[in-house]
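**Student:** Shown below is the structure under consideration.
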Amino acid sequence: MSKVVFDAIVVGAGPAGNSAAYTMANAGLNVLQIERGEYSGSKNVQGAILYSDALEQMIPDFREEAPLERHIVEQRIWMMDDRGHTGMHHRSDDYNEDLPNRYTIIRAQFDKWFNRQVRDAGATVLYETTATSLLRDPGGQVIGVQTDREGEGFYANVVVLAEGVNGLVGQRSGLRSELRPEDVALAVKEMHFLPQETIESRFNITGDEGVVIEAMGTITDGMIGTAFLYTNRESISIGIGCLVSELSRIGKDSPYQLLDRFKAHPSIRGLLEGSEMKEYAAHLIPEGGYRAIPDLVGDGWICVGDAGHFVNAVHREGSNLAMTTGRFAAETIIMLNKRGQACTKKALGAYRQRLDDSFVMKDMKKYKDVPRMLEKQGSTIMDTYPRLMNGAAQTWFRVDGRDKKTKENEIVKSAWRVRGLGLLGDAVKLARAWR
Amino acid sequence: MRIFVCIKQVPDSAQIRVHPVTNTIMRQGVPTIINPYDLFGLEEALRLRDRFGGTVTVLTMGPPMASESLRKALGYGADRGLLLTDRFFAGSDTLATSYALARLIEKAAEEEGMPQIVFCGKQTIDGDTAQVGPGIAQRLGLSQLTYVSAIDEIDPEKGSITVRRRADHGVQVLTSRLPAMITMLEGSNHIRRGTQSDVLRAAQAKITQWNAAAVGITDLSLCGLRGSPTVVKRVFAPAARSEKADMIPATGGGSATAAALIDAIFARQPALEEDLISAAGGY
Ligand SMILES: Cc1cc2nc3c(=O)[nH]c(=O)nc-3n(C[C@H](O)[C@H](O)[C@H](O)COP(=O)(O)OP(=O)(O)OC[C@H]3O[C@@H](n4cnc5c(N)ncnc54)[C@H](O)[C@@H]3O)c2cc1C
């Protein structure tokens, strides 16, 4: 093969890789993208909620063509105990706007569409091809990637690592260390088919309106984790995830047993009734937060998306950070390319600066203490408080001949009995971590 | 050798669902693949090219999107992809399809020369008729070798070929003359993984697209729905089987599980047990 040197090679065609490849190809760079799956999205797993803003920055009119399921008009947050839930619901007709802010999507379809835009922008995309290692010159500068297909490798001025949470190329090449079990969650997810009309009547929605439920509580056996249920057009996505460290330490039940229990929970069961399971998937989520972010640039390489640990677990944002970091990396490379500057570690440092100045790093920093706080307070937050809350709600709502003052006292006492002064401490810790 | 391979882009039947209420097929979001039976022909073509040199051209008739399947075939190592696409072809049955493909092959032959072999899939997974390959052979006057499990001998110079063909009650060894139309049996080979240069070339290749007029089809009454005498009277989903799968837990160790499995099979197929016993000459 005659040795073509691309302006950039992008490893991975998830939201991060597609954003990077799209932005660079659109600017006229000669881009090669390498994806392990049969097509972009074939193996990718997400809830999935798409945040419009990050995509709009690149494709302002994406709504005209992208395969979107429902725009979200209602958000439910549930604290669950074994028999029920206490929650907050927020719904507004304001979300029925011209340019909705959040959508449910099905990643297999969405990624495929996004990747089509990458190709239409002029990038060369290889599928069913796994990058196995980085090629370096004698000085250590990364100059390309080797793959699992026969051949001498592909060459480029810079390699964008958008390989997702597992990031084996980066790990094997010593760019970052292996994931720590306390920094990743393992999530399992199922898609359940239901006729559109059934979904609409069950969730009180019409047209393209959608509802999402985020839940935590005793459903994770006291382990740090959350569950979700999202409405698609003709299906429901439902999943649950826990930190890998917790699963191996406490885990009485495997993730799919947790999911089975969640599906059978009295608050959930009716929502799924009569559905047909279409698809089952498991995936890791990087949840170590700011402190787990690895080195992001080096001589000839740059790291984006889940591979760079960009997930805001508190707000369940990942794909938008993937898209934004992918775009920032691309814009940095474009700038260097136009100036004829080499992609050295120093030059690529401009990427880090862009991240620091944006919501990406600001949010990552804001919640940097949450993982530690959870590590210590996990079971209190995942188990004790949900029980207390649901117990309190019952005491409050049942009419049983006792006077209200007595009931209030009982609620306060029940909390005091379980946590005592810890209540105050918990509040302070939570507030600190949130700051 | 000059070899043509006809392929079809089909929905991945493993991922098709039947709507539980309306009983219609839900195609939304179902990925497409190359008809799996066609890949056995493609691999055989590539092996012949490895031996004798020459070119492998992949052809299809389908919607514009079918160019993706051609691209994929190039990624396996084929040299050129040709797409025949026109709205007039919509609704083609096997008669109209073999007509269109025969014209496409003739047009391609004008540019590249007549192929010595045209490979087709044994059948498609979405139509299951196994008629298109033979239809093409008939229209182009090619020798017809169907259900071939192996090519034993081939002499491009003399124009002779000897193959093994699976018949109802055994294997036939057939010698015939080139040019021939061959449908390969599944399992006769395994599609290769293209090299880095194959996939790179495939990703950057321009797929030639022709419409009906470009391949010289002027009589549109032979195409698409109009050229298709087949009539679909009714489409229905088969009722779910009342028989449910048995789950045999693999808890008692290997041999106990195997014994439980065999018991379950014999319970359902008493005749099989007797046959096996008598074949083994008694207990
Ligand atoms: C259950 C679950 C629910 C989630 N819900 C949400 C949500 O609702 N909203 C949200 O914003 N985020 C959510 N996330 C997070 C979100 O999915 C990720 O943050 C996002 O997918 C990261 O994008 P990425 O491009 O970095 O990685 P990925 O999407 O993982 O893409 C990586 C790509 O690289 C490919 N690849 C990997 N290694 C190689 C290699 N060596 N060679 C070639 N290709 C390779 C993979 O096949 C894949 O296509 C969720 C995650 C999970 C698991």
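Every chain in the structure tokens takes a letter, A first, then B, and so on in the order presented; its residues are numbered from 1, and the ligands are numbered from 1 following the presented order.
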Restrict the distance test to only C-alpha atoms, flag each residue of chain B within 8 Å of chain A, and return the flagged residues as a ChimeraX atom specification.
**Tutor:** /B:21,29,193-197,199-200,203-204
**Student:** Taking 4 positions as the minimum chain separation for residues in the same chain, which residues sit within 9 Å of Val45 in chain A when counting only C-alpha atoms? Answer as a list in words.
**Tutor:**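 Near Val45 in chain A, the qualifying residues are Gly41, Ile106, Arg107, Ala108, Lys189, Ala281, Ala282, His283 and Leu284 of chain A.
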**Student:** Would you mind listing what lies within 7 Å of Val5 in chain A as a PyMOL selection string, with only C-alpha atoms counted and same-chain residues fewer than 2 positions away left out?
**Tutor:** chain A and resi 3+7+155-156
**Student:** So which bits of range 81-268 of chain B end up strand (DSSP E) when you DSSP the backbone, as number ranges by chain?
**Tutor:** B: 81-84, 117-121, 143-155, 160-167, 170-177, 180-184, 208-210
